[in-house]
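Down below is the structure, laid out as structure tokens.
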Amino acid sequence: MSALEQTLTGDARERAKLLDGYVPLADAYDELMDSGGKIRPHWQELVASFAALGTAELERRFATADRHLRDTGVFHRVYGSGEGERVWPLNHVPLVIDPVEWKALEAGIAQRAELMEALVADVYGPANLVRDGHLPAAVVAGSEDFLRPMVGIDPKGGYHLRVYAVDLGRGPDGNWWVLSDRTQAPSGMGYALENRIALSRSLPDIYRAMNVRRVAGFFQTLRDTLNQLHERENARVCLLTPGPLNETYFEHAYLSRYLGFLLVEGADLVVRDSRLAVRTVEGAQPADVIWRRVDSDFIDPLELNPGSRLGVPGLVEAVREGHATVVNSIGAGMLESRALMGFLPALCQHVLGEELALPNIATWWCGQERERGHVLENFDDLAIAPAFNASSLDIFDDGPVIAGDLARGDRKAVLDAIKRRSVDFVGQEVVRLSTTPVWTGKALEPRPCVVRAYAVRTPTGWSVMPGAFSRVSERLDARAVTMQSGGRAVDVWIPAEDDTPQTTLLTEPDEVQITRRAGTLPSRAADNLFWLGRYMERVEACLRLIRAVAQRLSDRDDLDNRLIARLRGALVGLGALKLEERQSLNSGDLVAALYDPKQFGTALSLARSARNAASGIRERLSPQAWRELTKLIAHLEKPLPPTATDGDIIDAADEALDGVAGFSGLSQENMNRLLGWRFLEMGRRMERAAATCSVVERFIRGEIVRGGLDVLLEFADSQISYRVRYATSAGRHAVLDMVVLDGNNPRSVAFQIGVIARTLAAMPIQQSDGLPTQEEKIAALLVAELATTAAADVDAATVGWVRMQVMKLSDLLTARFFVQGNVSVRG
Amino acid sequence: MVAMRYDISQTTHYEYANNVALSSQLVRLSLVDRIGLKVIRQRIDVDPTPTTQRAFLDFFGNENLWLSFLEPHGALIIDTQAVVERDAPPPPDPRDTPAWEDVRAACAGNLDPGPDSPAHFLFPSRRVSLDPQITAYAARSFKAGRPVLEAVTELSNRIYTGFDYAPGVTDVASDPREAFDLRKGVCQDFAHVMIAGLRGLGLAAAYISGYLRTRPPPGKKRLQGADAMHAWVAVWCGDEHGWVEIDPTNARFAGNDHIPLAWGRDYVDVAPVKGVIRVSGAHTLKATVDVVELEPERPLVIPA
């Protein structure tokens, strides 16, 4: 009995429940159901399988997918909302597209990509299309992405476009329409990949049974395509990102990691003598292929937008001189203008000699008299939109508007603007999008969707991803123009037509050239790793101190007021508490020291700083390490009430310490002992040495107060070792020996200094004379000093001096490896 | 009009507080042959000597000099010296120019992809965004059906009389809106305001940087902006008349007293020196300009 028959009999009730509230919109195409309310054939297996699983099991499966996305940190940054990173909501029901229909779409997408290439090549080349009257000059000149310095520069390798994306919608008649072309720096394919992984893991049986076409092969093609643009062996493609503040930064990090590209920001790159290089901790390393996720205009402040801080001064010159390849070419974004859309059917005939297979929604550019007349006559039935990127009217801040929906004042403003500067506007047909099922938690409901498809140019033509990134709107309004932001992501499933074997996610192992080279470590990444190490260590110091204080407070009877004052001083010194008149401490203070998000040195703030540093190097951290960090922050974001007992505080600090240990363990065990790890390690060791010195200094300055030495032992996590070694209670010399001088105690200052000295020796040396660097000299001096000092001679001045030297080391390291000098652009 | 000969010299002197380790500069200080302008001779001296240099014509036909310095230096001095012959074509009679609405339609439908196409000067540019208030200000000169150059001349005159020439109020990075609100500024601001107004109405307007003769002819008033680089506006007046240059700072058509250096959509396209330096600390800039009128040379008569 087939799954379908089963559904009709045994699972009929489940199926009815699933589809109970599923009512397609009257005037839109529904992907799942035909107009007679029947499930379309290519969906039947999915619906049957859902019904067979039942609501409870589906909910459990979908939770798995959500957990996967949350744990791997798939997020999308929301600008200006104050929310920071937000998990991308995934609709758990894939959009299934009929394989025969997809084949036609593929051909249409490839044709369109070819047309786009021909257009951009002409616009930046001979400009015959304008000269011969096929395209008004203003349609080209009006785009902010028509970048005049690029005119006359032939792209290296012969093509402007290597990656093309297109937003598609399906109209009520069942035909697909192009809503917009994406040639600048199309986003979303990384999300498509992540969504695919999440969904195929939560629905593995259904995924296999439906023989869904894999997308991994497409990404291999993409990687090979970009790698082949290199002139040099072993060079790496640089993925140029605007940085962690960009809304799609996760995707940049994810793709660079997945594809083996080097993730760089503009400041990581430098052009010297028209040649492009990456600044690394080993000096400038040549680079020649840039896959950009920075918009063209921002890519070179010298020849393009002088206000840009995201670009690389001189990049245009490097491209002009043929020393760098930028994908897609700088300026390719001019193809995205709406003004161009109205001309495409005729241009396709003229340029390719073919009918445009995948038409865009009907568009009239008001710069032409006849077209303007049409728009003004049919004004209320059309969508009005800026013809190019920007508009002087804030009515269009969120994109196109439906003229019929405009308030009277706005309507007049738009009409006046069209009459005055008609070149700035287009009218577009209002298309109603098709709907696809979303899961509401109980049942399926229809929601409007758009589909973004991707293609990459291979030596044999365009290859289209057999899958896509789709978005559904939360609202039921199916008009295309209302679908701006928000909504949920949807994976697109194309069942294979036959049983062709599917490409796996990884390359054939034997195709991989064996290498042990570390690859390139950009200075910025090294800087972030160093600070990640420092912040994580500072979180630990903060937690240990809080824990030690809580221990003391819970044992109130024999508490010395001076000890309290010093403990408070130590917490203030770390920045976990504000400096106040009072010298007392209570559990409320400890709760604040753990969770206060406004104070810079609390456990929560420090953990967040660690995450900020980590978010700039996402591609270098293992997903597990990121997960540990995320869990730690989540734990610290659920504060104890101010009334918490000292016991609660100890438990909370212990749990957080477990998280820190988990993170440190993963970095110890899972990171290759290569350059990146050394910077992380260096940060941790310097911070631990400095923090230990600072606490020791505070507790041995002047008279030692009762209980102070126990706090030191506890802070340095050395009570057990101490008790094993000494039968007596804590004595000054023995404690200082153990916490400061003992090179065998992994918590002692001397141990940290030893590691620092060894790590420094393994650092890339940029000094050509072979003499020890100043850092090495300081480390040697510290090692010698700690090795030759007797415990009896250790005083506040000694540890103070050690701390100052460590801080100096940190500054020197920063100057040598991270600091690049300020860049100033003027003109 | 009699052709004029000028000896133009300009010094641009950057002084850095600390040595600059790495510097890339885009210099637009070379005069090129244009309609009504012939460059007889010209030289540019750069100190220190750049590590690499390359000259190319940019999209708008201005000569760009790409300089790259890889050796530390504490100052950058660019000296230019040129002798040019200026014979500006006379402007058309404003009354003979087409109605401004027809010119606007011709701008939108223009099929010239080249640098002189009005299409490039029709849209907002980096420094000149379209401003409804400036557009409304300009619109008062553009009554329905009025010949375009008549309206443009009136707009130029209104800026001349309505704005104070006041150096130091705005700076090189100012937005046209700033000068418009203050009704004060220098040549750059007046040109930007006029361009913003014209583009707001759907007309094509370009920014021209250049020089003015320093000493006025006997008995004439010294022109505003003669001791520094100057800027004025070109307006496209339809296929027949093409571009007409007009100077709102001095309320006149640009003629033989005006020597064009570079064309663009606004100041950013023609900025004389644009650079990226790697440096800690500030820098100072001194620029001097001198435009001396030469005795017209006796034309060389080649005996038949």
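Here's how to read the names in the structure tokens: chain A, B, ... by the order shown, residue numbers from 1 in each chain, ligand numbers from 1 in the order shown.
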
Interface residues on chain A facing chain B, 9 Å, only C-alpha atoms, written as a compact mmCIF listing (two decimals) with N, CA and C atoms, in the first residue's frame:
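Output contents, as saved in out.txt:
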```txt
# COMPACT_ATOMS: atom_id res chain seq x y z
N VAL A 123 26.94 47.89 -21.92
CA VAL A 123 26.85 49.17 -21.23
C VAL A 123 28.24 49.66 -20.81
N ALA A 127 28.59 50.26 -25.79
CA ALA A 127 27.38 51.07 -25.61
C ALA A 127 26.53 51.16 -26.88
N ASN A 128 26.54 50.11 -27.67
CA ASN A 128 25.76 50.13 -28.90
C ASN A 128 24.26 50.13 -28.65
N LEU A 129 23.84 49.53 -27.57
CA LEU A 129 22.40 49.43 -27.33
C LEU A 129 21.79 50.81 -27.18
N VAL A 130 22.52 51.71 -26.52
CA VAL A 130 22.03 53.08 -26.39
C VAL A 130 22.16 53.80 -27.72
N ARG A 131 23.34 53.68 -28.29
CA ARG A 131 23.62 54.44 -29.52
C ARG A 131 22.64 54.06 -30.63
N ASP A 132 22.28 52.77 -30.67
CA ASP A 132 21.38 52.33 -31.74
C ASP A 132 19.91 52.46 -31.37
N GLY A 133 19.64 53.09 -30.25
CA GLY A 133 18.25 53.41 -29.95
C GLY A 133 17.46 52.31 -29.25
N HIS A 134 18.14 51.28 -28.75
CA HIS A 134 17.40 50.23 -28.05
C HIS A 134 17.17 50.55 -26.59
N LEU A 135 17.90 51.54 -26.10
CA LEU A 135 17.84 51.85 -24.67
C LEU A 135 18.19 53.33 -24.51
N PRO A 136 17.30 54.12 -23.90
CA PRO A 136 17.65 55.53 -23.68
C PRO A 136 18.87 55.64 -22.75
N ALA A 137 19.72 56.61 -23.00
CA ALA A 137 20.93 56.78 -22.17
C ALA A 137 20.57 56.95 -20.70
N ALA A 138 19.43 57.60 -20.44
CA ALA A 138 19.06 57.87 -19.05
C ALA A 138 18.76 56.60 -18.27
N VAL A 139 18.35 55.54 -18.94
CA VAL A 139 18.07 54.27 -18.24
C VAL A 139 19.37 53.70 -17.68
N VAL A 140 20.46 53.95 -18.38
CA VAL A 140 21.77 53.52 -17.88
C VAL A 140 22.29 54.53 -16.87
N ALA A 141 22.26 55.80 -17.26
CA ALA A 141 22.89 56.85 -16.45
C ALA A 141 22.17 57.07 -15.12
N GLY A 142 20.89 56.72 -15.07
CA GLY A 142 20.12 56.98 -13.86
C GLY A 142 20.45 56.05 -12.72
N SER A 143 21.07 54.93 -13.02
CA SER A 143 21.36 53.99 -11.94
C SER A 143 22.55 54.46 -11.14
N GLU A 144 22.41 54.43 -9.82
CA GLU A 144 23.54 54.79 -8.96
C GLU A 144 24.66 53.77 -9.08
N ARG A 148 30.88 55.09 -13.53
CA ARG A 148 31.59 55.58 -14.71
C ARG A 148 33.06 55.21 -14.75
N PRO A 149 33.77 55.14 -13.60
CA PRO A 149 35.17 54.73 -13.70
C PRO A 149 35.36 53.32 -14.27
N MET A 150 34.30 52.54 -14.32
CA MET A 150 34.44 51.17 -14.80
C MET A 150 34.22 51.07 -16.31
N VAL A 151 33.75 52.16 -16.93
CA VAL A 151 33.49 52.11 -18.37
C VAL A 151 34.80 51.88 -19.11
N GLY A 152 34.77 50.91 -19.99
CA GLY A 152 35.96 50.62 -20.79
C GLY A 152 36.90 49.60 -20.18
N ARG A 272 48.83 47.93 -3.14
CA ARG A 272 50.13 48.59 -3.26
C ARG A 272 50.59 48.40 -4.68
N ASP A 273 50.88 49.50 -5.33
CA ASP A 273 51.40 49.39 -6.68
C ASP A 273 50.43 48.60 -7.57
N SER A 274 49.15 48.90 -7.46
CA SER A 274 48.06 48.27 -8.23
C SER A 274 47.90 46.78 -7.98
N PRO A 301 36.99 53.72 -1.90
CA PRO A 301 36.71 55.12 -1.55
C PRO A 301 37.51 56.11 -2.40
N LEU A 302 38.55 55.63 -3.04
CA LEU A 302 39.37 56.55 -3.81
C LEU A 302 38.70 56.91 -5.14
N GLU A 303 38.24 55.93 -5.86
CA GLU A 303 37.65 56.22 -7.17
C GLU A 303 36.14 56.15 -7.16
N ASN A 305 32.73 55.77 -4.07
CA ASN A 305 32.16 56.58 -2.99
C ASN A 305 33.19 56.96 -1.93
N PRO A 306 33.56 58.25 -1.86
CA PRO A 306 34.61 58.65 -0.92
C PRO A 306 34.17 58.47 0.54
N PRO A 313 40.88 51.14 -0.78
CA PRO A 313 41.36 52.21 -1.65
C PRO A 313 42.29 51.65 -2.72
N GLY A 314 41.99 51.98 -3.97
CA GLY A 314 42.87 51.54 -5.05
C GLY A 314 42.40 50.26 -5.73
N GLU A 317 41.78 50.61 -9.41
CA GLU A 317 43.03 50.68 -10.16
C GLU A 317 43.62 49.27 -10.35
N GLY A 367 10.01 57.76 -18.25
CA GLY A 367 10.87 58.63 -19.05
C GLY A 367 10.46 58.65 -20.52
N GLN A 368 9.65 57.68 -20.93
CA GLN A 368 9.16 57.67 -22.31
C GLN A 368 7.73 58.19 -22.32
N GLU A 369 7.43 58.98 -23.33
CA GLU A 369 6.16 59.69 -23.32
C GLU A 369 4.96 58.73 -23.34
N SER A 392 13.60 60.68 -4.16
CA SER A 392 13.57 61.86 -3.30
C SER A 392 12.28 61.89 -2.49
N ARG A 420 7.01 66.08 -13.06
CA ARG A 420 8.22 66.91 -13.04
C ARG A 420 9.45 66.12 -13.49
N ARG A 421 9.68 65.00 -12.83
CA ARG A 421 10.86 64.20 -13.18
C ARG A 421 10.42 62.78 -13.52
N SER A 422 9.84 62.65 -14.69
CA SER A 422 9.28 61.37 -15.08
C SER A 422 10.34 60.27 -15.14
N VAL A 423 11.60 60.67 -15.41
CA VAL A 423 12.67 59.66 -15.55
C VAL A 423 12.87 58.85 -14.27
N ASP A 424 12.39 59.37 -13.14
CA ASP A 424 12.66 58.71 -11.86
C ASP A 424 11.65 57.61 -11.52
N GLN A 820 46.97 48.83 12.12
CA GLN A 820 47.31 49.08 10.73
C GLN A 820 47.48 50.56 10.43
N GLY A 821 47.37 51.39 11.44
CA GLY A 821 47.46 52.83 11.16
C GLY A 821 46.11 53.31 10.65
N ASN A 822 45.86 54.59 10.79
CA ASN A 822 44.58 55.11 10.33
C ASN A 822 44.64 55.39 8.86
N VAL A 823 43.52 55.16 8.22
CA VAL A 823 43.45 55.51 6.82
C VAL A 823 42.58 56.75 6.73
N SER A 824 43.05 57.74 6.04
CA SER A 824 42.18 58.89 5.90
C SER A 824 41.97 59.16 4.42
N VAL A 825 40.75 59.42 4.10
CA VAL A 825 40.40 59.70 2.71
C VAL A 825 39.99 61.14 2.64
N ARG A 826 40.49 61.81 1.70
CA ARG A 826 40.03 63.18 1.53
C ARG A 826 39.84 63.45 0.05
N GLY A 827 39.23 64.57 -0.25
CA GLY A 827 39.02 64.93 -1.65
C GLY A 827 37.56 65.21 -1.89
```

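Within 8 Å of Tyr160 of chain B, once only C-alpha atoms are used and residues closer than 3 positions along the same chain are dropped, the contacting residues are Ser156, Asn157, Phe163, Asp164, Pro248, Thr249, Asn250 and Ala251 of chain B.
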
What's the 10 Å shell around segment 772-777 of chain A, counting only C-alpha atoms, without same-chain residues fewer than 3 positions away, as a PyMOL selection string?
chain A and resi 756-761+765-767+769+780-783+805-806+808-813+816

Atoms to include: C-alpha atoms. Write the selected residues as a PDB file, in the first residue's frame.
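Below is the file part_34.pdb, written as the result:
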```pdb
ATOM      1  CA  ILE A 756      53.401  33.129  26.747  1.00  0.00           C
ATOM      2  CA  ALA A 757      57.156  32.851  26.226  1.00  0.00           C
ATOM      3  CA  ARG A 758      56.828  29.562  24.322  1.00  0.00           C
ATOM      4  CA  THR A 759      53.941  30.829  22.202  1.00  0.00           C
ATOM      5  CA  LEU A 760      55.835  34.006  21.353  1.00  0.00           C
ATOM      6  CA  ALA A 761      58.761  31.949  20.162  1.00  0.00           C
ATOM      7  CA  ILE A 765      58.616  36.881  13.023  1.00  0.00           C
ATOM      8  CA  GLN A 766      58.550  39.886  10.807  1.00  0.00           C
ATOM      9  CA  GLN A 767      61.933  41.016  12.009  1.00  0.00           C
ATOM     10  CA  ASP A 769      67.678  40.623  11.547  1.00  0.00           C
ATOM     11  CA  ALA A 780      62.451  36.199  28.950  1.00  0.00           C
ATOM     12  CA  LEU A 781      62.894  38.790  31.663  1.00  0.00           C
ATOM     13  CA  LEU A 782      59.618  37.748  33.306  1.00  0.00           C
ATOM     14  CA  VAL A 783      60.489  34.069  33.143  1.00  0.00           C
ATOM     15  CA  GLN A 805      55.033  43.934  31.998  1.00  0.00           C
ATOM     16  CA  VAL A 806      52.218  41.679  30.827  1.00  0.00           C
ATOM     17  CA  LYS A 808      53.144  46.051  27.937  1.00  0.00           C
ATOM     18  CA  LEU A 809      53.422  42.727  26.127  1.00  0.00           C
ATOM     19  CA  SER A 810      49.806  43.011  25.113  1.00  0.00           C
ATOM     20  CA  ASP A 811      50.410  46.504  23.711  1.00  0.00           C
ATOM     21  CA  LEU A 812      53.467  45.387  21.790  1.00  0.00           C
ATOM     22  CA  LEU A 813      51.642  42.415  20.352  1.00  0.00           C
ATOM     23  CA  ARG A 816      53.101  44.323  15.831  1.00  0.00           C
TER      24      ARG A 816
END
```

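One distance worth recording is that between atom CA of Leu521 of chain A and atom CA of Gly662 of chain A, which is 24.7 Å.
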
Taking the DSSP secondary structure from the backbone, can you list the residues of segment 103-232 of chain B that are strand (DSSP E), as a list in words?
Asp164, Tyr165, Lys184, Gly185, Ala205, Ala206, Tyr207, Ile208, Ser209, Gly210, Tyr211, Leu212, His230, Ala231 and Trp232 of chain B

Contact residues around Val740 of chain A with only C-alpha atoms at 12 Å, ignoring same-chain residues under 6 positions, as a PyMOL selection string:
chain A and resi 688-697+712-713+716+718+732-734+746-753+782-783+785-787+789-796+798-800+802-803

Prev. selection, C-alpha atoms, output as a compact mmCIF listing (two decimals), in the first residue's frame:
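The resulting file, again15.txt, is reproduced below:
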```
# COMPACT_ATOMS: atom_id res chain seq x y z
CA ARG A 688 44.93 35.14 33.44
CA ALA A 689 48.40 36.31 34.45
CA ALA A 690 47.24 39.92 34.76
CA ALA A 691 44.06 39.07 36.67
CA THR A 692 45.86 36.79 39.09
CA CYS A 693 48.52 39.43 39.71
CA SER A 694 45.88 42.02 40.32
CA VAL A 695 43.97 39.93 42.87
CA VAL A 696 47.19 38.85 44.61
CA GLU A 697 48.32 42.46 44.78
CA LEU A 712 43.60 33.71 46.75
CA LEU A 713 43.75 29.93 46.75
CA ALA A 716 43.41 30.45 41.62
CA SER A 718 44.30 25.78 43.94
CA ARG A 732 51.53 33.48 53.10
CA HIS A 733 54.70 32.09 51.58
CA ALA A 734 53.27 28.73 50.66
CA PRO A 746 48.51 25.66 35.61
CA ARG A 747 46.81 28.51 37.47
CA SER A 748 49.97 30.25 38.64
CA VAL A 749 51.36 33.45 37.17
CA ALA A 750 54.65 31.71 36.33
CA PHE A 751 52.83 29.02 34.37
CA GLN A 752 51.05 31.65 32.24
CA ILE A 753 54.33 33.46 31.61
CA LEU A 782 59.62 37.75 33.31
CA VAL A 783 60.49 34.07 33.14
CA GLU A 785 62.42 37.03 37.41
CA LEU A 786 59.76 34.54 38.48
CA ALA A 787 62.24 31.65 38.43
CA THR A 789 62.38 35.09 43.17
CA ALA A 790 61.82 33.39 46.50
CA ALA A 791 58.29 33.21 47.88
CA ALA A 792 59.35 35.23 50.90
CA ASP A 793 60.36 38.10 48.63
CA VAL A 794 57.09 38.28 46.71
CA ASP A 795 55.26 41.44 47.65
CA ALA A 796 52.67 43.73 46.13
CA THR A 798 56.66 42.35 42.61
CA VAL A 799 53.28 41.26 41.30
CA GLY A 800 52.44 44.83 40.32
CA VAL A 802 54.74 41.57 36.58
CA ARG A 803 51.26 42.82 35.74
```

Between A:Trp177, A:Phe261, A:Phe219, A:Tyr164, which residue has the minimum interatomic distance to Ala453 of chain A, considering only C-alpha atoms?
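For Ala453 of chain A, the nearest of the candidates is A:Tyr164.
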
Nearest residue to Asn175 of chain A from the set A:Leu632, A:Ile206, A:Ala104, A:Val464 (distances using only C-alpha atoms):
A:Ala104
